[in-house]
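Asks: Quick one, start-v4.txt (compact mmCIF, C-alpha atoms and all ligand atoms):
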```
# COMPACT_ATOMS: atom_id res chain seq x y z
CA MET Y 1 -27.19 -8.83 -19.87
CA SER Y 2 -23.58 -7.76 -19.30
CA ARG Y 3 -21.34 -10.11 -17.37
CA ASN Y 4 -20.93 -7.37 -14.68
CA SER Y 5 -24.71 -7.27 -14.23
CA GLU Y 6 -24.97 -11.04 -14.20
CA LEU Y 7 -22.27 -11.32 -11.52
CA PHE Y 8 -23.82 -8.51 -9.47
CA GLU Y 9 -27.20 -10.22 -9.56
CA ARG Y 10 -25.64 -13.48 -8.39
CA ALA Y 11 -23.59 -11.66 -5.75
CA CYS Y 12 -26.61 -9.87 -4.31
CA LYS Y 13 -28.24 -13.23 -3.62
CA VAL Y 14 -25.40 -14.49 -1.45
CA ILE Y 15 -23.50 -11.40 -0.25
CA PRO Y 16 -25.22 -8.41 1.43
CA GLY Y 17 -25.38 -5.70 -1.24
CA GLY Y 18 -23.33 -7.95 -3.52
CA VAL Y 19 -20.01 -6.67 -2.12
CA ASN Y 20 -17.57 -7.37 0.68
CA SER Y 21 -17.01 -3.69 1.52
CA PRO Y 22 -19.87 -1.15 1.16
CA VAL Y 23 -18.36 1.55 -1.07
CA ARG Y 24 -17.68 -1.02 -3.81
CA ALA Y 25 -21.44 -1.26 -4.42
CA PHE Y 26 -21.66 2.13 -6.23
CA GLY Y 27 -24.36 2.96 -3.66
CA SER Y 28 -23.90 6.71 -3.83
CA VAL Y 29 -23.37 7.02 -7.59
CA GLY Y 30 -25.82 4.34 -8.75
CA GLY Y 31 -25.27 1.71 -11.41
CA THR Y 32 -23.63 -1.69 -11.53
CA PRO Y 33 -20.18 -2.11 -10.00
CA CYS Y 34 -17.34 -3.32 -12.20
CA PHE Y 35 -16.28 -6.85 -11.33
CA VAL Y 36 -12.54 -6.79 -11.86
CA GLU Y 37 -10.96 -9.71 -13.69
CA ARG Y 38 -7.36 -8.57 -13.83
CA ALA Y 39 -5.17 -5.53 -13.37
CA GLN Y 40 -1.84 -4.41 -14.75
CA GLY Y 41 0.07 -1.18 -14.18
CA PRO Y 42 -2.43 1.73 -14.22
CA TYR Y 43 -5.24 -0.38 -15.71
CA ILE Y 44 -7.97 -2.72 -14.58
CA TRP Y 45 -10.21 -4.88 -16.78
CA ASP Y 46 -13.76 -5.77 -15.83
CA ALA Y 47 -15.74 -8.95 -16.43
CA ASP Y 48 -16.99 -7.58 -19.76
CA GLY Y 49 -13.43 -7.10 -20.99
CA GLN Y 50 -13.62 -3.29 -20.65
CA GLN Y 51 -10.30 -1.61 -19.81
CA TYR Y 52 -10.23 1.31 -17.34
CA THR Y 53 -7.50 3.65 -16.21
CA ASP Y 54 -7.69 3.08 -12.48
CA TYR Y 55 -7.51 5.95 -9.96
CA VAL Y 56 -8.65 3.81 -7.03
CA GLY Y 57 -5.57 1.59 -6.87
CA SER Y 58 -7.25 -0.88 -4.49
CA TRP Y 59 -7.98 2.17 -2.26
CA GLY Y 60 -4.31 2.90 -1.82
CA PRO Y 61 -2.02 -0.12 -1.85
CA ALA Y 62 -1.27 -0.12 -5.62
CA ILE Y 63 1.34 2.65 -5.49
CA LEU Y 64 3.64 0.75 -7.89
CA GLY Y 65 0.75 0.11 -10.26
CA HIS Y 66 -1.03 -3.23 -10.35
CA SER Y 67 0.78 -6.56 -10.60
CA ASP Y 68 4.26 -5.13 -10.25
CA PRO Y 69 6.55 -7.93 -11.48
CA ASP Y 70 8.91 -7.72 -8.47
CA VAL Y 71 6.03 -7.90 -6.00
CA ILE Y 72 4.43 -10.82 -7.84
CA LYS Y 73 7.77 -12.63 -7.90
CA ALA Y 74 8.26 -12.07 -4.15
CA VAL Y 75 4.78 -13.45 -3.47
CA GLN Y 76 5.38 -16.50 -5.66
CA GLU Y 77 8.71 -17.23 -4.04
CA ALA Y 78 7.29 -16.88 -0.53
CA ALA Y 79 4.24 -19.02 -1.30
CA VAL Y 80 6.40 -21.94 -2.37
CA HIS Y 81 7.70 -22.26 1.20
CA GLY Y 82 4.28 -22.29 2.85
CA LEU Y 83 1.38 -19.92 3.39
CA SER Y 84 1.27 -19.46 7.15
CA TYR Y 85 3.01 -20.95 10.18
CA GLY Y 86 1.70 -19.22 13.29
CA ALA Y 87 5.31 -18.86 14.40
CA PRO Y 88 7.77 -16.02 13.87
CA THR Y 89 9.64 -15.63 10.57
CA GLU Y 90 12.65 -13.62 9.41
CA GLY Y 91 10.48 -11.64 6.98
CA GLU Y 92 8.54 -10.11 9.87
CA VAL Y 93 11.75 -8.98 11.51
CA VAL Y 94 12.97 -7.41 8.27
CA LEU Y 95 9.64 -5.64 7.73
CA ALA Y 96 9.66 -4.32 11.32
CA GLU Y 97 13.29 -3.18 10.88
CA THR Y 98 12.40 -1.53 7.58
CA LEU Y 99 9.45 0.36 9.09
CA THR Y 100 11.48 1.57 12.07
CA GLN Y 101 14.25 2.72 9.73
CA MET Y 102 11.89 4.49 7.34
CA LEU Y 103 9.73 6.18 10.00
CA PRO Y 104 11.88 7.51 12.86
CA SER Y 105 8.88 7.95 15.23
CA ILE Y 106 8.41 4.18 15.19
CA GLU Y 107 10.82 2.61 17.66
CA GLN Y 108 8.89 -0.64 17.91
CA VAL Y 109 6.09 -2.01 15.78
CA ARG Y 110 3.53 -4.83 15.83
CA LEU Y 111 2.22 -6.29 12.56
CA VAL Y 112 -1.48 -7.00 12.05
CA SER Y 113 -3.61 -7.81 8.99
CA SER Y 114 -5.66 -4.65 8.37
CA GLY Y 115 -5.93 -0.96 9.09
CA THR Y 116 -8.90 -1.61 11.35
CA GLU Y 117 -6.88 -3.95 13.54
CA ALA Y 118 -4.07 -1.40 13.66
CA THR Y 119 -6.23 1.51 14.87
CA MET Y 120 -8.31 -0.65 17.22
CA SER Y 121 -5.14 -1.98 18.84
CA ALA Y 122 -3.48 1.45 19.00
CA ILE Y 123 -6.51 2.84 20.85
CA ARG Y 124 -6.48 -0.04 23.34
CA LEU Y 125 -2.78 0.49 23.82
CA ALA Y 126 -3.21 4.24 24.42
CA ARG Y 127 -5.88 3.49 27.02
CA GLY Y 128 -3.75 0.81 28.65
CA PHE Y 129 -0.70 3.07 28.72
CA THR Y 130 -2.46 6.12 30.16
CA GLY Y 131 -5.03 4.34 32.33
CA ARG Y 132 -7.65 6.71 30.85
CA ASN Y 133 -10.77 5.95 28.79
CA THR Y 134 -11.74 8.95 26.66
CA ILE Y 135 -10.55 9.21 23.06
CA ILE Y 136 -10.82 12.13 20.66
CA LYS Y 137 -11.55 11.60 16.98
CA PHE Y 138 -12.60 14.04 14.29
CA GLU Y 139 -15.74 14.23 12.20
CA GLY Y 140 -15.15 12.83 8.71
CA CYS Y 141 -12.07 10.83 9.69
CA TYR Y 142 -12.40 7.09 9.17
CA HIS Y 143 -10.27 4.74 11.18
CA GLY Y 144 -11.74 1.38 10.22
CA HIS Y 145 -14.82 -0.36 11.53
CA ALA Y 146 -14.05 -0.96 15.23
CA ASP Y 147 -17.08 -0.07 17.40
CA SER Y 148 -15.63 2.88 19.31
CA LEU Y 149 -14.46 4.55 16.09
CA LEU Y 150 -17.67 4.29 14.08
CA VAL Y 151 -18.90 7.75 14.95
CA LYS Y 152 -19.19 10.35 12.20
CA ALA Y 153 -16.61 8.35 10.34
CA GLY Y 154 -16.34 9.56 6.77
CA SER Y 155 -16.53 7.96 3.33
CA GLY Y 156 -18.43 4.68 3.46
CA LEU Y 157 -20.72 5.87 6.21
CA LEU Y 158 -21.21 9.32 4.71
CA THR Y 159 -21.87 7.76 1.35
CA PHE Y 160 -24.71 5.80 2.85
CA GLY Y 161 -26.03 8.79 4.77
CA ASN Y 162 -25.62 6.89 8.02
CA PRO Y 163 -23.25 8.74 10.29
CA THR Y 164 -23.12 6.08 13.00
CA SER Y 165 -23.52 2.35 12.49
CA ALA Y 166 -26.44 0.38 13.81
CA GLY Y 167 -25.30 -2.39 16.12
CA VAL Y 168 -22.95 -0.18 18.11
CA PRO Y 169 -24.33 0.26 21.65
CA ALA Y 170 -24.30 3.86 22.86
CA GLU Y 171 -22.17 2.71 25.81
CA PHE Y 172 -19.44 1.59 23.39
CA VAL Y 173 -19.01 5.10 22.01
CA ALA Y 174 -19.64 6.91 25.30
CA HIS Y 175 -15.91 7.48 25.65
CA THR Y 176 -15.45 8.73 22.06
CA LEU Y 177 -15.44 12.50 21.79
CA VAL Y 178 -16.02 13.64 18.21
CA LEU Y 179 -14.75 17.11 17.31
CA ASP Y 180 -14.54 19.12 14.08
CA TYR Y 181 -11.46 18.54 11.96
CA ASN Y 182 -9.25 21.63 11.88
CA ASN Y 183 -10.94 23.17 14.93
CA LEU Y 184 -8.08 23.38 17.42
CA ASP Y 185 -10.06 25.54 19.85
CA ALA Y 186 -12.55 22.71 20.34
CA VAL Y 187 -9.70 20.33 21.16
CA ARG Y 188 -8.22 22.85 23.57
CA ASP Y 189 -11.59 23.20 25.32
CA ALA Y 190 -11.97 19.42 25.56
CA PHE Y 191 -8.57 19.14 27.26
CA LYS Y 192 -9.40 22.01 29.60
CA GLN Y 193 -12.56 20.23 30.70
CA LYS Y 194 -11.41 16.61 30.71
CA GLY Y 195 -7.64 16.65 30.31
CA ASP Y 196 -7.01 13.95 32.90
CA GLU Y 197 -9.53 11.58 31.25
CA ILE Y 198 -8.26 11.77 27.66
CA ALA Y 199 -6.17 8.77 26.65
CA CYS Y 200 -5.46 9.81 23.06
CA ILE Y 201 -6.25 11.78 19.97
CA ILE Y 202 -6.52 9.71 16.80
CA VAL Y 203 -6.37 11.74 13.60
CA GLU Y 204 -5.91 11.26 9.87
CA PRO Y 205 -3.14 13.85 9.57
CA PHE Y 206 -4.30 14.49 6.01
CA ALA Y 207 -7.92 13.37 5.96
CA GLY Y 208 -8.58 11.07 3.01
CA ASN Y 209 -11.98 9.72 3.94
CA MET Y 210 -14.04 12.87 3.35
CA ASN Y 211 -12.38 13.38 -0.03
CA LEU Y 212 -8.94 14.94 0.61
CA VAL Y 213 -8.83 17.57 3.38
CA ARG Y 214 -5.55 19.02 4.57
CA PRO Y 215 -4.84 20.04 8.15
CA ALA Y 216 -5.05 23.81 8.65
CA PRO Y 217 -1.73 25.47 9.50
CA GLY Y 218 -1.03 24.87 13.18
CA PHE Y 219 -3.71 22.18 13.65
CA LEU Y 220 -1.42 19.15 13.92
CA GLU Y 221 1.18 21.17 15.83
CA GLY Y 222 -1.55 22.14 18.30
CA LEU Y 223 -2.63 18.52 18.74
CA ARG Y 224 0.97 17.59 19.42
CA GLU Y 225 1.36 20.31 22.05
CA LEU Y 226 -1.90 19.47 23.82
CA CYS Y 227 -1.11 15.75 23.97
CA THR Y 228 2.33 16.50 25.40
CA GLU Y 229 0.94 18.96 27.94
CA TYR Y 230 -1.79 16.63 29.19
CA GLY Y 231 0.07 13.31 28.90
CA ALA Y 232 -2.26 11.96 26.19
CA VAL Y 233 -1.08 9.78 23.29
CA LEU Y 234 -1.08 11.33 19.81
CA ILE Y 235 -1.96 8.70 17.18
CA PHE Y 236 -1.44 9.54 13.53
CA ASP Y 237 -3.58 7.20 11.48
CA GLU Y 238 -1.38 6.97 8.38
CA VAL Y 239 -3.13 3.89 7.00
CA MET Y 240 -3.90 5.91 3.88
CA THR Y 241 -1.16 8.54 3.90
CA GLY Y 242 1.75 6.32 4.98
CA PHE Y 243 4.26 5.98 2.10
CA ARG Y 244 1.55 7.55 -0.10
CA VAL Y 245 1.98 11.32 0.37
CA GLY Y 246 5.75 11.02 0.72
CA PRO Y 247 8.43 8.61 1.94
CA GLN Y 248 7.66 9.32 5.61
CA GLY Y 249 3.96 10.05 5.35
CA VAL Y 250 2.51 13.22 6.84
CA GLN Y 251 4.92 13.05 9.78
CA GLY Y 252 7.76 13.43 7.29
CA LEU Y 253 6.07 16.35 5.51
CA THR Y 254 5.29 18.25 8.70
CA GLY Y 255 8.09 17.19 11.04
CA ILE Y 256 5.50 16.39 13.72
CA ARG Y 257 6.31 13.25 15.67
CA PRO Y 258 3.27 11.28 16.81
CA ASP Y 259 3.52 8.89 19.77
CA LEU Y 260 1.93 6.08 17.78
CA THR Y 261 1.36 5.56 14.06
CA THR Y 262 -1.02 3.17 12.33
CA LEU Y 263 -0.21 1.82 8.87
CA ALA Y 264 -1.71 -0.59 6.30
CA LYS Y 265 -2.45 -0.37 2.54
CA VAL Y 266 0.96 0.39 0.90
CA ILE Y 267 2.96 -1.61 3.46
CA GLY Y 268 1.22 -4.79 2.28
CA GLY Y 269 1.68 -4.07 -1.42
CA GLY Y 270 -1.87 -5.34 -2.07
CA MET Y 271 -1.82 -8.11 0.53
CA PRO Y 272 -3.37 -7.89 4.04
CA VAL Y 273 -0.77 -6.19 6.24
CA GLY Y 274 -1.32 -3.51 8.86
CA ALA Y 275 0.90 -2.22 11.65
CA PHE Y 276 0.89 -0.02 14.72
CA GLY Y 277 4.05 1.29 16.28
CA GLY Y 278 5.76 4.19 17.94
CA ARG Y 279 7.39 5.09 21.24
CA ARG Y 280 9.20 2.15 22.81
CA ASP Y 281 7.85 2.88 26.31
CA ILE Y 282 4.30 2.73 24.98
CA MET Y 283 4.88 -0.33 22.76
CA GLN Y 284 6.36 -2.16 25.74
CA CYS Y 285 2.84 -2.24 27.20
CA VAL Y 286 1.74 -4.69 24.47
CA ALA Y 287 1.48 -8.40 25.39
CA PRO Y 288 3.47 -10.52 25.97
CA VAL Y 289 5.72 -7.83 27.53
CA GLY Y 290 2.91 -5.72 28.98
CA GLY Y 291 -0.71 -6.19 29.87
CA VAL Y 292 -2.42 -4.80 26.74
CA TYR Y 293 -3.60 -7.88 24.86
CA GLN Y 294 -3.31 -7.98 21.08
CA ALA Y 295 -2.93 -11.00 18.78
CA GLY Y 296 -3.65 -12.45 15.32
CA THR Y 297 -3.55 -15.94 13.76
CA LEU Y 298 -2.36 -14.53 10.43
CA SER Y 299 -0.44 -11.49 11.75
CA GLY Y 300 2.88 -11.14 9.93
CA ASN Y 301 1.74 -13.63 7.31
CA PRO Y 302 4.86 -14.62 5.33
CA VAL Y 303 3.36 -14.18 1.85
CA ALA Y 304 1.80 -10.82 2.71
CA VAL Y 305 5.02 -9.64 4.36
CA ALA Y 306 6.99 -10.60 1.23
CA ALA Y 307 4.67 -8.42 -0.89
CA GLY Y 308 5.07 -5.53 1.54
CA LEU Y 309 8.84 -5.77 1.65
CA ALA Y 310 9.14 -5.93 -2.14
CA THR Y 311 6.94 -2.82 -2.36
CA LEU Y 312 8.83 -0.80 0.25
CA LYS Y 313 12.14 -1.67 -1.42
CA LYS Y 314 10.97 -0.04 -4.66
CA LEU Y 315 9.69 3.08 -2.87
CA ALA Y 316 13.16 3.63 -1.49
CA GLN Y 317 14.66 3.95 -5.00
CA PRO Y 318 15.95 7.47 -5.74
CA GLY Y 319 13.41 9.65 -7.53
CA PHE Y 320 10.43 7.42 -6.78
CA TYR Y 321 8.39 10.15 -5.08
CA ASP Y 322 9.41 12.76 -7.65
CA THR Y 323 7.92 10.58 -10.37
CA LEU Y 324 4.81 9.82 -8.31
CA THR Y 325 4.25 13.51 -7.52
CA ALA Y 326 4.83 14.55 -11.14
CA ASN Y 327 2.27 11.98 -12.32
CA THR Y 328 -0.34 13.24 -9.86
CA ALA Y 329 0.42 16.90 -10.57
CA ASN Y 330 0.01 16.31 -14.30
CA LEU Y 331 -3.43 14.80 -13.75
CA ILE Y 332 -4.59 17.47 -11.32
CA GLN Y 333 -3.30 20.47 -13.24
CA GLY Y 334 -4.85 19.06 -16.42
CA LEU Y 335 -8.24 18.47 -14.79
CA LYS Y 336 -8.30 21.95 -13.27
CA ALA Y 337 -7.38 23.57 -16.58
CA ALA Y 338 -9.98 21.54 -18.47
CA ALA Y 339 -12.72 22.50 -16.00
CA GLN Y 340 -11.72 26.14 -16.15
CA GLU Y 341 -11.84 26.13 -19.99
CA ALA Y 342 -15.37 24.75 -19.76
CA GLY Y 343 -16.41 27.15 -16.99
CA VAL Y 344 -17.23 24.28 -14.61
CA PRO Y 345 -16.88 25.09 -10.89
CA PHE Y 346 -14.22 22.59 -9.95
CA THR Y 347 -11.00 22.45 -7.99
CA ALA Y 348 -8.53 19.82 -6.86
CA ASP Y 349 -5.63 19.18 -4.51
CA HIS Y 350 -2.86 16.61 -4.34
CA GLN Y 351 0.12 15.42 -2.34
CA GLY Y 352 2.44 12.64 -3.50
CA GLY Y 353 0.20 9.98 -5.01
CA LEU Y 354 -3.00 11.13 -3.27
CA PHE Y 355 -5.52 13.59 -4.70
CA GLY Y 356 -8.94 15.14 -4.14
CA ILE Y 357 -11.31 16.51 -6.76
CA TYR Y 358 -14.14 18.80 -5.72
CA PHE Y 359 -17.06 20.27 -7.62
CA SER Y 360 -16.77 23.53 -5.70
CA GLU Y 361 -14.88 26.82 -6.09
CA ASN Y 362 -12.51 26.29 -3.15
CA VAL Y 363 -10.58 23.38 -1.71
CA PRO Y 364 -12.60 22.32 1.35
CA THR Y 365 -11.13 22.41 4.85
CA SER Y 366 -13.92 20.56 6.69
CA LEU Y 367 -16.51 17.86 6.24
CA ALA Y 368 -19.21 20.53 6.02
CA ALA Y 369 -17.37 22.17 3.12
CA VAL Y 370 -16.98 18.84 1.30
CA SER Y 371 -20.69 18.11 1.81
CA ALA Y 372 -21.56 21.55 0.41
CA GLY Y 373 -19.93 20.64 -2.93
CA ASP Y 374 -22.04 19.70 -5.95
CA ILE Y 375 -22.48 15.97 -5.29
CA GLU Y 376 -24.87 15.54 -8.26
CA ARG Y 377 -22.20 16.96 -10.57
CA PHE Y 378 -19.73 14.48 -9.16
CA LYS Y 379 -22.08 11.59 -9.93
CA GLN Y 380 -22.53 12.82 -13.48
CA PHE Y 381 -18.76 13.18 -13.86
CA PHE Y 382 -18.10 9.74 -12.39
CA HIS Y 383 -20.41 7.94 -14.82
CA ALA Y 384 -19.36 9.95 -17.86
CA MET Y 385 -15.71 9.18 -17.11
CA LEU Y 386 -16.48 5.51 -16.49
CA ASP Y 387 -18.12 5.39 -19.93
CA LYS Y 388 -14.87 6.75 -21.32
CA GLY Y 389 -12.83 4.05 -19.57
CA VAL Y 390 -11.66 6.00 -16.52
CA TYR Y 391 -12.36 4.60 -13.06
CA PHE Y 392 -12.48 7.21 -10.29
CA ALA Y 393 -13.57 6.37 -6.73
CA PRO Y 394 -17.36 5.86 -6.78
CA SER Y 395 -18.07 8.48 -4.10
CA ALA Y 396 -17.62 12.24 -3.72
CA PHE Y 397 -16.28 11.54 -0.22
CA GLU Y 398 -13.27 9.49 -1.29
CA ALA Y 399 -9.77 10.58 -2.23
CA GLY Y 400 -8.09 9.32 -5.42
CA PHE Y 401 -4.86 7.41 -5.93
CA VAL Y 402 -2.17 7.67 -8.59
CA SER Y 403 0.63 5.15 -9.10
CA VAL Y 404 4.10 5.50 -10.46
CA GLN Y 405 2.76 3.82 -13.63
CA HIS Y 406 0.32 6.67 -14.36
CA THR Y 407 2.73 8.36 -16.74
CA SER Y 408 1.90 11.63 -18.52
CA ASP Y 409 0.53 9.93 -21.66
CA ILE Y 410 -2.01 8.15 -19.45
CA THR Y 411 -2.98 11.16 -17.33
CA ASP Y 412 -3.14 13.33 -20.50
CA ALA Y 413 -5.66 10.87 -21.96
CA THR Y 414 -7.69 11.11 -18.73
CA VAL Y 415 -7.62 14.90 -18.94
CA GLN Y 416 -8.77 14.78 -22.58
CA ALA Y 417 -11.68 12.53 -21.57
CA ALA Y 418 -12.54 14.96 -18.76
CA ARG Y 419 -12.38 17.88 -21.22
CA GLU Y 420 -15.05 16.18 -23.33
CA VAL Y 421 -17.16 15.43 -20.26
CA PHE Y 422 -16.88 19.00 -18.90
CA ALA Y 423 -17.84 20.41 -22.34
CA ASN Y 424 -21.12 18.48 -22.10
CA PHE Y 425 -21.86 19.96 -18.67
CA LYS Y 426 -22.70 23.31 -20.25
N1 LIG Y 501 -7.64 4.19 8.66
C1 LIG Y 501 -7.72 4.87 7.52
C2 LIG Y 501 -7.19 6.28 7.46
C3 LIG Y 501 -8.28 4.29 6.39
O1 LIG Y 501 -8.36 4.98 5.25
C4 LIG Y 501 -8.76 2.96 6.47
C5 LIG Y 501 -9.35 2.30 5.31
O2 LIG Y 501 -9.62 2.87 4.29
C6 LIG Y 501 -8.64 2.29 7.69
C7 LIG Y 501 -8.08 2.92 8.77
C8 LIG Y 501 -9.12 0.87 7.82
O3 LIG Y 501 -8.28 0.03 7.11
P1 LIG Y 501 -8.80 -1.40 6.64
O4 LIG Y 501 -9.82 -1.18 5.60
O5 LIG Y 501 -7.54 -2.06 6.12
O6 LIG Y 501 -9.33 -2.09 7.84
```
Just give me the structure as structure tokens.

Replies:
Amino acid sequence: MSRNSELFERACKVIPGGVNSPVRAFGSVGGTPCFVERAQGPYIWDADGQQYTDYVGSWGPAILGHSDPDVIKAVQEAAVHGLSYGAPTEGEVVLAETLTQMLPSIEQVRLVSSGTEATMSAIRLARGFTGRNTIIKFEGCYHGHADSLLVKAGSGLLTFGNPTSAGVPAEFVAHTLVLDYNNLDAVRDAFKQKGDEIACIIVEPFAGNMNLVRPAPGFLEGLRELCTEYGAVLIFDEVMTGFRVGPQGVQGLTGIRPDLTTLAKVIGGGMPVGAFGGRRDIMQCVAPVGGVYQAGTLSGNPVAVAAGLATLKKLAQPGFYDTLTANTANLIQGLKAAAQEAGVPFTADHQGGLFGIYFSENVPTSLAAVSAGDIERFKQFFHAMLDKGVYFAPSAFEAGFVSVQHTSDITDATVQAAREVFANFK
């Protein structure tokens, strides 16, 4: 028995499904998950000593590649002084200053420990600020596992064919209005009918939890206009896209200024850090200044903050995003060309260090279009690539991640492996 299988068997006895987050279980693609022993640059190694080129990157944080020496050093240096104090530290101030400098829409920010905490708190804040209850989210967008957001919520839930979680009382989602991504008319209608009840729109401004789906031209602009017109709060959930699609996330690419932004993943450099921030007048409603309660024993943890700061410092180096984009483009162009040579219906899209691959003729613009892709083909592709030492996300509903360490020799090797896999599809 392989060591991966042995560990998975043990894990399943003591951990539900053998994993601490559902998509890790390979539930939608089948097979035994890789138990990772170590990671370096673009590679991970599993418990059987097998090396993989990694396009999951810890689901986003590993933008510098794994185990970046400067990040590891920062963590080691911080850890020497103590792991957690439950009192403010200078590092938190510097991270908050850095985020407000890097993202102009963020005038004030509160640090938390995960993306889920960030979105959950931003929603509470939007409700507290507006005095309204209804929130709008979009089908296929995932904003973490808070009760009110677990409705038609993308990736993990889609993968398991379970659009809404058990254990969430209907009353808890009664104020969550779920609309189709990229359907601005539906949002307009909702505001016409209930404009004075809508506290906020929360949106993944590039959706990364139903594979990668871009906003249609005018969609985000329309959301911005409607929120302004009706006094609702526009929340960009940039947990995935923040510092990933470009130095200022989607708000930098589009020039659209949300009222609040949620962040996590990259800003912790692989450690648990999340954040929500935005307009000062809204952020001033957060306790202890205002009446919207929000707290965390480990919020702003000094070791995690050190990892985040060391990461953000490297992203600010000139040319960082050019390199990242070139790496991703090389992979995506190569995969598309290889599929075309083999006559396999396949397409792909990318922005910065984020990409989507689709076994369909066209890049999808909705959850329905992603679901209409050839999911069986994806599964076949996933396993064949894994056998060749390439680790893509184990679900057709997940985006992929490239780091600055995925240089052209590495992505070329991935493309060659894909060429061999596509040739066998005939
Ligand atoms: N928001 C988005 C867009 C995400 O992609 C995720 C996680 O993948 C979350 C929120 C939740 O973040 P976390 O898993 O850190 O709680």

Asks: Give me, as a list in words, the set of residues whose atoms come within 8 Å of any atom of ligand LIG 501 (chain Y), counting only C-alpha atoms and all ligand atoms.

Replies: Trp59, Ser113, Ser114, Gly115, Thr116, Glu117, Ala118, Thr119, Cys141, Tyr142, His143, Gly144, His145, Glu204, Ala207, Gly208, Asn209, Asp237, Glu238, Val239, Met240, Thr241, Thr262, Leu263, Ala264, Lys265, Pro272, Val273 and Gly274 of chain Y

Asks: Could you jot down the CA of Asp281 (chain Y) to CA of Gln108 (chain Y) separation for me, Å, one decimal place?

Replies: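 These two atoms are separated by 9.2 Å.
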
Asks: Which residues are near Thr261 (chain Y)? Cut-off 6 Å, all atoms listed in the file, ignore same chain within fewer than 4 positions. Put them as a list in words.

Replies: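 Contacts, in chain order: Ile235, Phe236, Asp237, Phe276 and Gly277 of chain Y.
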
Asks: Between CA of Leu367 (chain Y) and CA of Phe346 (chain Y), what is the distance, to one decimal in Å?

Replies: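 Straight-line distance from CA of Leu367 (chain Y) to CA of Phe346 (chain Y) works out to 17.0 Å.
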
Asks: Compile the contact shell of Ser2 (chain Y) as a PDB file with C-alpha atoms, keeping the file's coordinate frame: residues with an atom at most 10 Å away, counting all atoms listed in the file, same-chain residues fewer than 4 positions apart removed.

Replies:
```
ATOM      1  CA  GLU Y   6     -24.970 -11.040 -14.200  1.00  0.00           C
ATOM      2  CA  LEU Y   7     -22.270 -11.320 -11.520  1.00  0.00           C
ATOM      3  CA  PHE Y   8     -23.820  -8.510  -9.470  1.00  0.00           C
ATOM      4  CA  THR Y  32     -23.630  -1.690 -11.530  1.00  0.00           C
ATOM      5  CA  ALA Y  47     -15.740  -8.950 -16.430  1.00  0.00           C
ATOM      6  CA  ASP Y  48     -16.990  -7.580 -19.760  1.00  0.00           C
TER       7      ASP Y  48
END
```

Asks: Would you pick out the contacts of Arg132 (chain Y) at 10 Å or less, using all atoms listed in the file, so that residues sharing its chain but fewer than 4 positions from it are not included, and give the list as a list in words?

Replies: Ala126, Arg127, Gly128, His175, Gly195, Asp196, Glu197, Ile198, Ala199, Cys200 and Ala232 of chain Y

Asks: Would you please work out which residue, of Y:Thr411, Y:Asn133, Y:Thr347, Y:Thr89, is nearest to Asp374 (chain Y) when using only C-alpha atoms?

Replies: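 Of all the options, Y:Thr347 lies closest to Asp374 (chain Y).
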
Asks: Just want the 12 Å neighbourhood of Pro364 (chain Y), counted on only C-alpha atoms, with same-chain residues fewer than 4 positions away dropped. Output as an mmCIF file with C-alpha atoms, in the coordinates of the input.

Replies:
```cif
data_model
loop_
_atom_site.group_PDB
_atom_site.id
_atom_site.type_symbol
_atom_site.label_atom_id
_atom_site.label_comp_id
_atom_site.auth_asym_id
_atom_site.auth_seq_id
_atom_site.Cartn_x
_atom_site.Cartn_y
_atom_site.Cartn_z
ATOM 1 C CA TYR Y 181 -11.460 18.540 11.960
ATOM 2 C CA ASN Y 182 -9.250 21.630 11.880
ATOM 3 C CA ALA Y 207 -7.920 13.370 5.960
ATOM 4 C CA MET Y 210 -14.040 12.870 3.350
ATOM 5 C CA ASN Y 211 -12.380 13.380 -0.030
ATOM 6 C CA LEU Y 212 -8.940 14.940 0.610
ATOM 7 C CA VAL Y 213 -8.830 17.570 3.380
ATOM 8 C CA ARG Y 214 -5.550 19.020 4.570
ATOM 9 C CA PRO Y 215 -4.840 20.040 8.150
ATOM 10 C CA ALA Y 216 -5.050 23.810 8.650
ATOM 11 C CA PHE Y 346 -14.220 22.590 -9.950
ATOM 12 C CA THR Y 347 -11.000 22.450 -7.990
ATOM 13 C CA ALA Y 348 -8.530 19.820 -6.860
ATOM 14 C CA ASP Y 349 -5.630 19.180 -4.510
ATOM 15 C CA GLY Y 356 -8.940 15.140 -4.140
ATOM 16 C CA ILE Y 357 -11.310 16.510 -6.760
ATOM 17 C CA TYR Y 358 -14.140 18.800 -5.720
ATOM 18 C CA PHE Y 359 -17.060 20.270 -7.620
ATOM 19 C CA SER Y 360 -16.770 23.530 -5.700
ATOM 20 C CA ALA Y 368 -19.210 20.530 6.020
ATOM 21 C CA ALA Y 369 -17.370 22.170 3.120
ATOM 22 C CA VAL Y 370 -16.980 18.840 1.300
ATOM 23 C CA SER Y 371 -20.690 18.110 1.810
ATOM 24 C CA ALA Y 372 -21.560 21.550 0.410
ATOM 25 C CA GLY Y 373 -19.930 20.640 -2.930
ATOM 26 C CA PHE Y 397 -16.280 11.540 -0.220
#
```

Asks: For Pro258 (chain Y), which residue among Y:Ser21, Y:Ser165, Y:Asn424, Y:Ser105 is the nearest when counting all atoms listed in the file?

Replies: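 Closest to Pro258 (chain Y), using all atoms listed in the file: Y:Ser105.
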
Asks: Of the residues Y:Asp412, Y:Asp189, Y:Asp147, Y:Glu139, which is the one nearest to Ile202 (chain Y), using only C-alpha atoms?

Replies: Y:Glu139

Asks: Using CA of Phe138 (chain Y) and CA of Leu179 (chain Y) as the two end points, give the distance in Å to one decimal.

Replies: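 According to the coordinates, CA of Phe138 (chain Y) and CA of Leu179 (chain Y) are separated by 4.8 Å.
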